[in-house]
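Structure file data16.cif (mmCIF, C-alpha atoms) is printed below.
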data_model
#
loop_
_atom_site.label_atom_id
_atom_site.label_comp_id
_atom_site.auth_asym_id
_atom_site.auth_seq_id
_atom_site.Cartn_x
_atom_site.Cartn_y
_atom_site.Cartn_z
CA MET U 1 91.94 101.36 20.53
CA ALA U 2 92.61 104.22 22.90
CA ARG U 3 94.28 103.62 26.24
CA ILE U 4 91.23 104.77 28.21
CA GLN U 5 89.08 102.22 26.40
CA ILE U 6 91.34 99.39 27.46
CA ILE U 7 91.39 100.60 31.06
CA VAL U 8 87.59 100.89 31.19
CA ILE U 9 87.09 97.49 29.65
CA ILE U 10 89.45 95.86 32.15
CA ILE U 11 87.74 97.58 35.09
CA ASN U 12 84.34 96.53 33.78
CA LEU U 13 85.40 92.93 33.46
CA LEU U 14 86.84 92.95 36.97
CA PHE U 15 83.57 94.42 38.24
CA LEU U 16 81.56 91.74 36.46
CA LEU U 17 83.84 89.10 37.93
CA TYR U 18 83.37 90.52 41.42
CA ILE U 19 79.57 90.51 41.06
CA SER U 20 79.62 86.89 39.90
CA LYS U 21 81.80 85.98 42.84
CA LEU U 22 79.34 87.65 45.25
CA ILE U 23 76.45 85.73 43.72
CA VAL U 24 78.33 82.42 43.80
CA LYS U 25 79.19 82.92 47.45
CA GLY U 26 75.56 83.74 48.19
CA ARG U 27 76.30 87.23 49.47
CA LEU U 28 74.29 88.99 46.78
CA ARG U 29 70.82 87.89 45.79
CA GLU U 30 70.29 87.48 42.06
CA GLU U 31 67.39 89.93 41.89
CA TYR U 32 69.62 92.76 43.05
CA ALA U 33 72.49 91.64 40.85
CA ILE U 34 70.45 92.05 37.66
CA VAL U 35 70.72 95.84 37.74
CA TRP U 36 74.45 95.73 38.28
CA ILE U 37 75.04 93.23 35.50
CA ILE U 38 72.94 95.24 33.03
CA CYS U 39 74.82 98.42 33.91
CA THR U 40 78.16 96.72 33.40
CA ILE U 41 77.09 95.30 30.06
CA PHE U 42 76.06 98.78 28.92
CA LEU U 43 79.42 100.17 29.96
CA ILE U 44 81.27 97.44 28.11
CA ILE U 45 79.24 98.00 24.94
CA PHE U 46 79.98 101.71 24.95
CA SER U 47 83.63 101.27 25.76
CA PHE U 48 84.07 99.13 22.64
CA TRP U 49 81.79 101.26 20.48
CA ARG U 50 83.12 104.76 21.01
CA LYS U 51 80.91 106.36 18.41
CA GLY U 52 77.87 104.79 20.00
CA LEU U 53 77.45 107.50 22.56
CA ASP U 54 77.22 110.23 19.91
CA VAL U 55 74.78 108.16 17.90
CA VAL U 56 72.48 107.60 20.88
CA ALA U 57 72.75 111.26 21.94
CA LYS U 58 71.68 112.37 18.48
CA LEU U 59 68.81 109.92 18.61
CA PHE U 60 67.52 111.54 21.80
CA GLY U 61 68.21 115.05 20.56
CA VAL U 62 70.89 115.77 23.16
CA TYR U 63 73.64 118.15 21.96
CA GLU U 64 76.39 117.14 24.34
CA ALA U 65 76.79 113.39 24.61
CA PRO U 66 78.18 113.42 28.18
CA ASN U 67 74.97 115.14 29.39
CA LEU U 68 73.03 112.13 28.21
CA VAL U 69 75.27 109.87 30.24
CA PHE U 70 74.78 111.93 33.40
CA THR U 71 71.03 112.25 32.98
CA ALA U 72 70.51 108.60 32.23
CA PHE U 73 72.68 107.43 35.09
CA ILE U 74 71.17 109.75 37.67
CA PHE U 75 67.73 108.55 36.64
CA VAL U 76 68.72 104.90 36.91
CA ILE U 77 70.37 105.49 40.29
CA LEU U 78 67.28 107.27 41.66
CA ILE U 79 65.01 104.46 40.59
CA TYR U 80 67.33 101.93 42.11
CA LEU U 81 67.48 103.85 45.40
CA LEU U 82 63.70 103.89 45.50
CA HIS U 83 63.71 100.16 44.94
CA LEU U 84 66.13 99.73 47.84
CA SER U 85 63.87 101.84 50.09
CA VAL U 86 60.97 99.56 49.22
CA VAL U 87 63.06 96.51 50.03
CA ASN U 88 64.13 98.14 53.29
CA SER U 89 60.54 98.92 54.29
CA LYS U 90 59.58 95.33 53.65
CA LEU U 91 62.47 94.09 55.78
CA GLN U 92 61.51 96.42 58.60
CA ASN U 93 57.95 95.14 58.54
CA ASN U 94 59.13 91.55 58.61
CA ILE U 95 61.47 92.21 61.54
CA LYS U 96 58.66 93.91 63.44
CA LYS U 97 56.37 90.93 63.02
CA LEU U 98 59.06 88.45 63.99
CA THR U 99 60.02 90.46 67.07
CA GLN U 100 56.43 90.67 68.24
CA ASP U 101 55.79 86.99 67.64
CA MET U 102 58.95 86.07 69.46
CA SER U 103 58.13 88.08 72.57
CA ILE U 104 54.62 86.62 72.75
CA LEU U 105 55.92 83.08 72.23
CA LYS U 106 58.63 83.49 74.86
CA GLN U 107 56.07 84.77 77.33
CA SER U 108 53.75 81.83 76.73
CA ILE U 109 56.61 79.36 77.12
CA GLU U 110 57.64 80.93 80.40
CA ALA U 111 54.04 80.97 81.65
CA GLU U 112 53.81 77.26 80.79
CA LYS U 113 57.03 76.52 82.70
CA GLU U 114 55.76 78.33 85.78
CA LYS U 115 52.53 76.34 85.63
CA GLN U 116 54.47 73.09 85.66
CA GLN U 117 56.55 74.14 88.62
CA ASP U 118 53.52 74.97 90.72
CA MET L 1 30.63 86.79 82.51
CA PRO L 2 33.16 89.47 83.41
CA TYR L 3 34.85 91.49 80.70
CA LYS L 4 38.53 90.57 80.29
CA LEU L 5 40.53 93.78 80.32
CA LEU L 6 44.18 93.95 79.33
CA ILE L 7 46.17 96.94 80.55
CA ILE L 8 49.06 97.40 78.13
CA ILE L 9 52.05 99.40 79.34
CA PRO L 10 54.72 100.03 76.72
CA CYS L 11 58.07 100.74 78.39
CA TYR L 12 61.36 102.06 77.23
CA ASN L 13 63.84 102.82 80.01
CA GLU L 14 61.21 103.49 82.66
CA GLU L 15 63.00 102.06 85.70
CA ALA L 16 62.31 105.28 87.62
CA SER L 17 58.54 105.11 87.42
CA ILE L 18 57.43 101.62 86.46
CA ALA L 19 57.47 100.10 89.95
CA ALA L 20 55.17 102.76 91.40
CA LEU L 21 52.79 102.46 88.46
CA LEU L 22 52.57 98.68 88.71
CA GLN L 23 51.96 98.84 92.45
CA GLN L 24 49.13 101.33 91.95
CA LEU L 25 47.62 99.25 89.17
CA LEU L 26 47.76 96.00 91.13
CA GLN L 27 46.00 97.63 94.07
CA LEU L 28 43.44 99.30 91.84
CA SER L 29 39.96 97.91 92.19
CA LEU L 30 37.79 98.12 89.12
CA PRO L 31 34.00 97.75 88.88
CA GLY L 32 33.02 94.12 89.43
CA GLN L 33 32.26 93.26 85.82
CA PHE L 34 35.85 93.83 84.77
CA HIS L 35 38.68 91.35 85.24
CA LYS L 36 42.05 92.97 84.68
CA THR L 37 45.37 91.61 83.47
CA ILE L 38 48.46 93.79 83.20
CA ALA L 39 50.90 93.37 80.33
CA VAL L 40 54.17 95.28 80.23
CA VAL L 41 55.81 95.48 76.83
CA ASN L 42 59.49 96.10 77.39
CA ASP L 43 60.77 97.69 74.20
CA CYS L 44 64.36 96.50 74.60
CA SER L 45 65.11 98.86 77.51
CA LYS L 46 68.76 99.39 78.33
CA ASP L 47 68.13 99.90 82.04
CA ARG L 48 66.71 97.57 84.70
CA THR L 49 63.07 97.86 83.56
CA ALA L 50 62.78 94.15 82.70
CA GLY L 51 64.27 93.09 86.03
CA ILE L 52 61.95 95.31 88.03
CA VAL L 53 58.84 94.24 86.13
CA SER L 54 59.60 90.52 86.42
CA GLY L 55 59.21 90.87 90.19
CA TYR L 56 55.51 91.65 89.80
CA PRO L 57 52.68 89.27 88.90
CA VAL L 58 52.18 90.74 85.44
CA VAL L 59 52.62 89.54 81.88
CA LEU L 60 56.02 90.67 80.65
CA LEU L 61 56.55 90.81 76.90
CA ASN L 62 60.23 91.39 76.18
CA LEU L 63 60.97 92.63 72.70
CA PRO L 64 64.44 91.46 71.62
CA VAL L 65 64.76 94.42 69.24
CA ASN L 66 63.65 98.00 69.82
CA LEU L 67 60.49 98.59 67.77
CA GLY L 68 59.38 102.02 68.95
CA ILE L 69 56.13 102.87 70.67
CA GLY L 70 53.81 101.74 67.87
CA GLY L 71 55.44 98.34 67.46
CA ALA L 72 55.45 97.84 71.23
CA MET L 73 51.76 98.74 71.53
CA GLN L 74 50.89 96.43 68.68
CA THR L 75 52.60 93.59 70.53
CA GLY L 76 50.16 94.21 73.36
CA TYR L 77 47.18 94.25 71.01
CA ARG L 78 48.30 91.04 69.38
CA TYR L 79 48.65 89.44 72.79
CA ALA L 80 45.15 90.68 73.66
CA GLN L 81 43.73 89.25 70.47
CA GLU L 82 45.41 85.87 70.78
CA ASN L 83 44.25 85.51 74.37
CA GLY L 84 40.68 86.58 73.73
CA PHE L 85 40.53 89.82 75.69
CA ASP L 86 37.36 91.90 75.41
CA LEU L 87 39.01 95.21 76.16
CA ALA L 88 42.51 96.66 76.06
CA VAL L 89 43.68 99.92 77.49
CA GLN L 90 46.92 101.64 76.67
CA MET L 91 48.74 103.28 79.53
CA ASP L 92 52.10 105.02 79.39
CA GLY L 93 54.85 103.66 81.57
CA ASP L 94 55.99 107.06 82.80
CA GLY L 95 53.10 107.76 85.15
CA GLN L 96 51.37 110.32 82.92
CA HIS L 97 48.16 108.38 83.06
CA PRO L 98 47.03 107.98 86.68
CA PRO L 99 45.51 104.50 87.19
CA ALA L 100 42.57 106.02 89.06
CA GLU L 101 41.45 107.65 85.80
CA LEU L 102 41.01 104.26 84.17
CA HIS L 103 37.67 104.04 85.89
CA LYS L 104 36.34 106.94 83.79
CA LEU L 105 37.20 105.22 80.53
CA LEU L 106 35.44 102.03 81.64
CA VAL L 107 32.34 103.85 82.82
CA ASP L 108 32.21 105.74 79.55
CA TRP L 109 32.52 102.49 77.63
CA LEU L 110 29.66 100.89 79.56
CA GLN L 111 27.49 103.85 78.65
CA THR L 112 28.44 104.48 75.03
CA GLN L 113 29.69 101.04 73.91
CA ALA L 114 32.00 102.91 71.55
CA ASN L 115 34.76 100.89 69.90
CA VAL L 116 37.47 103.30 70.96
CA ILE L 117 37.41 105.57 74.01
CA ILE L 118 40.08 108.25 74.20
CA GLY L 119 41.00 109.83 77.50
CA SER L 120 41.24 113.53 76.79
CA ARG L 121 43.04 116.27 78.71
CA PHE L 122 41.15 119.07 77.04
CA ILE L 123 37.47 118.46 77.56
CA VAL L 124 37.63 119.56 81.16
CA LYS L 125 40.72 121.70 81.46
CA GLN L 126 42.27 120.13 84.49
CA GLY L 127 45.62 118.65 85.36
CA TYR L 128 48.64 118.57 83.08
CA GLN L 129 47.85 120.51 79.90
CA SER L 130 51.13 120.15 77.99
CA SER L 131 53.26 123.03 76.71
CA PHE L 132 52.08 125.89 74.50
CA MET L 133 53.86 124.60 71.39
CA ARG L 134 52.46 121.17 71.87
CA ARG L 135 48.93 122.42 72.34
CA GLY L 136 49.29 124.30 69.05
CA GLY L 137 50.29 121.06 67.35
CA ILE L 138 47.42 119.22 68.95
CA GLY L 139 45.02 121.90 67.69
CA TYR L 140 46.36 121.41 64.20
CA LEU L 141 45.90 117.63 64.43
CA HIS L 142 42.35 118.15 65.64
CA TRP L 143 41.66 120.22 62.55
CA LEU L 144 43.32 117.70 60.24
CA ASN L 145 41.36 114.80 61.70
CA LYS L 146 38.13 116.71 61.43
CA LEU L 147 38.88 117.57 57.83
CA LEU L 148 39.58 113.97 56.81
CA THR L 149 37.26 111.94 58.96
CA GLY L 150 34.62 114.43 60.04
CA ILE L 151 34.90 113.47 63.69
CA HIS L 152 35.98 115.65 66.57
CA VAL L 153 38.85 114.31 68.61
CA TYR L 154 40.27 117.04 70.78
CA ASP L 155 43.19 115.13 72.21
CA SER L 156 44.28 113.00 69.29
CA THR L 157 47.80 112.52 70.68
CA SER L 158 46.54 111.07 73.93
CA GLY L 159 47.92 107.59 74.47
CA PHE L 160 45.36 106.85 77.15
CA ARG L 161 42.72 104.88 75.27
CA LEU L 162 40.42 101.94 75.63
CA PHE L 163 39.85 99.53 72.73
CA ASP L 164 37.10 96.97 72.40
CA LYS L 165 37.41 93.65 70.58
CA LYS L 166 36.85 95.11 67.14
CA ALA L 167 39.43 97.84 67.62
CA ILE L 168 41.93 95.36 69.07
CA ALA L 169 41.58 93.18 65.99
CA ILE L 170 42.26 96.13 63.70
CA ALA L 171 45.19 97.39 65.76
CA ALA L 172 46.70 93.91 65.89
CA ARG L 173 46.69 93.84 62.12
CA ASN L 174 47.54 97.43 61.29
CA TYR L 175 49.04 99.86 63.75
CA PRO L 176 51.50 102.64 62.82
CA ASP L 177 55.10 102.26 64.05
CA GLU L 178 56.04 105.77 64.90
CA TYR L 179 53.81 108.30 66.68
CA PRO L 180 50.78 106.04 66.22
CA GLU L 181 48.12 107.97 68.11
CA PRO L 182 46.76 110.55 65.64
CA GLU L 183 47.14 108.26 62.66
CA SER L 184 45.32 105.37 64.26
CA ILE L 185 42.24 107.56 64.70
CA VAL L 186 42.04 107.89 60.93
CA ILE L 187 42.51 104.14 60.51
CA PHE L 188 39.76 103.36 63.00
CA SER L 189 37.26 105.82 61.65
CA LYS L 190 37.84 104.58 58.10
CA GLN L 191 37.00 101.08 59.29
CA GLY L 192 33.74 102.44 60.61
CA LEU L 193 34.50 102.21 64.31
CA THR L 194 32.88 104.60 66.73
CA ILE L 195 35.25 106.82 68.67
CA ALA L 196 34.32 108.59 71.88
CA GLU L 197 36.28 110.93 74.07
CA THR L 198 36.02 111.28 77.79
CA ALA L 199 37.64 113.76 80.13
CA VAL L 200 40.56 112.56 82.23
CA VAL L 201 43.18 114.28 84.32
CA MET L 202 46.78 113.63 83.38
CA GLN L 203 49.99 114.23 85.23
CA GLU L 204 53.34 115.41 84.06
CA ARG L 205 55.64 112.48 83.41
CA GLN L 206 57.33 111.12 86.52
CA GLY L 207 60.53 110.01 84.85
CA GLY L 208 61.98 109.06 81.50
CA GLN L 209 61.58 111.04 78.33
CA SER L 210 58.72 111.67 75.95
CA SER L 211 58.91 109.95 72.61
CA ILE L 212 58.55 113.43 71.11
CA ARG L 213 61.41 115.73 72.08
CA HIS L 214 62.47 119.27 71.19
CA PHE L 215 64.05 119.12 67.73
CA SER L 216 61.89 116.32 66.55
CA GLN L 217 58.65 118.25 67.01
CA LEU L 218 58.71 119.58 63.45
CA TYR L 219 59.57 116.12 62.17
CA TYR L 220 56.68 114.78 64.22
CA MET L 221 54.21 117.16 62.57
CA VAL L 222 55.46 116.42 59.06
CA LYS L 223 55.57 112.68 59.61
CA VAL L 224 52.15 112.55 61.22
CA THR L 225 50.59 114.69 58.51
CA ILE L 226 51.96 112.45 55.78
CA ALA L 227 50.99 109.31 57.66
CA ILE L 228 47.46 110.56 58.31
CA PHE L 229 47.04 111.58 54.70
CA PHE L 230 48.15 108.21 53.37
CA SER L 231 46.08 106.32 55.90
CA PHE L 232 43.17 108.35 54.62
CA ILE L 233 43.65 107.51 50.94
CA ARG L 234 44.73 103.91 51.52
CA LYS L 235 42.23 101.21 50.66
CA ASN L 236 40.79 99.63 53.74
CA SER L 237 41.31 95.91 53.53
CA LYS L 238 44.96 95.12 52.86
CA HIS L 239 48.14 96.16 54.65
CA GLY L 240 49.56 94.54 57.67
#

Structure encoded using C-alpha cells:
Amino acid sequence: MARIQIIVIIINLLFLLYISKLIVKGRLREEYAIVWIICTIFLIIFSFWRKGLDVVAKLFGVYEAPNLVFTAFIFVILIYLLHLSVVNSKLQNNIKKLTQDMSILKQSIEAEKEKQQD
Amino acid sequence: MPYKLLIIIPCYNEEASIAALLQQLLQLSLPGQFHKTIAVVNDCSKDRTAGIVSGYPVVLLNLPVNLGIGGAMQTGYRYAQENGFDLAVQMDGDGQHPPAELHKLLVDWLQTQANVIIGSRFIVKQGYQSSFMRRGGIGYLHWLNKLLTGIHVYDSTSGFRLFDKKAIAIAARNYPDEYPEPESIVIFSKQGLTIAETAVVMQERQGGQSSIRHFSQLYYMVKVTIAIFFSFIRKNSKHG
C-alpha cells in the first residue's frame, strides 16, 4: 500500500469521525450529513481500490481518470450548493413569517395592557 | 357603516420626516364614510424612529429583524386582514406621498370599486417626476407589465396604492420581499383583480434614502424582471 493511500484513508476516517461527532452533539442535522457521509465512503473505497478509478473512467469513456474525478465532484458540489440555497430560502421565509407574527402579537399585547390601565 | 381604512407606513430610519408625516395624517380629514387608522411598521430602524412614533396615537408594529420594504408592507397587510379592515393604503415614510393626495385615491375607489388603485405620477405630469434614468426604467416596466398581463400601469413602481379587502387578503398571503411594487401588479392581475390608476402629485423625499440607490439600479431591473417573469408563470394558488 502506497504512503499516500494510508494518509488519505486516515484523513477520511478522521473526517467521518468528526461528522459523527457533529451529529451526536446535535450541531449537524442528519439530512445534511448524508451527503458528507456518502462522499467520505466513496473516497475510502477509492483509496483502498487504486485501480478502481481507471476502471470507472474507462466505463464512462473518459481518457484521463483525474478528469472524471474533477467533473464528478464539481457536479456534486453544484447540486449540493443549490440544495443549500433552497434550504436558505426556506429559512428566510420562515424568519419573515415569525418576525411579522411577533410584531403583530407584541402590538396586540401592548394595546391590551393600555386598555387595562385606562 | 363606515369603511375601515388602514394607512400603512413602512419606515426604515425615517426620524427626519416621520413626525411631520404623522402630524399631517392625524389632522387629515377624510370623507365621512371612511374611518382611518394609522399603522407604522418600523423595519428595525437604527435611529429614533420607534421612539418618535410611540409618542403618537398610532399602531406601531416593531419588527425585531429587518425584513426589507416588502416584508414590512406585508406586516401591515396582515395586520389589516386580522383586524378586518376594508381598505389599506400604503404610504412611504419619507414624505414622498403627500397625505392630501390620499383623498384622490379614495374618491377614485368610490367611483371605480377597483381592487387596487395606484397613485400615478405620470398621468398628469405634475410634481416630482423622478430622474431621467429612473423614468427610463419605469417605461420598461410599463412595457413588461403590458406584455405579460395586458394591462396598462404607467407608474408601476409607485408605492402609493390603495387595496380593498380582496387585495389585502392576497398581499397578506403572498407579497414579494424586495422591490415589491412592479411584481405585485402581476400577482394581482393573475388573481383576476381589477387595477386602476389615478393621477397624484408626489414630492421629492424629505429625508432618508430610497430603497433603490445608484449602483443597485441595474440589479433592481434584473431582479424585478426575473421576479415578474416567475410570478407570471407561477401557478396561482400555492406559495406563501

Can you list what the PyMOL selection byres ((chain U and resi 96-104) around 12) grabs from this structure, as an MDAnalysis selection string? (chainID U and resid 89:95 105:111) or (chainID L and resid 39:44 59:83 172:177 240)

Using all atoms listed in the file, which residues sit within 12 Å of Glu181 in chain L once same-chain residues fewer than 2 positions away are excluded, as a PyMOL selection string? chain L and resi 69-70+73-74+90+116+118-119+138+141-142+145+153+155-161+171+175-179+183-188+211+220+224-225+227-228

Do you have the CA of Phe132 in chain L-CA of Lys104 in chain L distance handy?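 If I compute the distance from CA of Phe132 in chain L to CA of Lys104 in chain L, I get 26.3 Å.
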
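Using only C-alpha atoms, the shortest contact distance between chain U and any of L:Met221, L:Val58, L:Ala19, L:Leu102 is found at L:Val58.
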
In Å, with one decimal, what is the gap from CA of Ala33 in chain U to CA of Asn88 in chain U? 16.3 Å

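Here CA of Leu218 in chain L stands at a distance of 11.9 Å from CA of Gly136 in chain L.
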
Result set of the PyMOL selection byres ((chain U and resi 2) around 12) on the coordinates above, as a list in words: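 Against this file, the PyMOL selection byres ((chain U and resi 2) around 12) returns the residues Met1, Arg3, Ile4, Gln5, Ile6, Ile7, Val8, Ile9, Ser47, Phe48, Trp49 and Arg50 of chain U.
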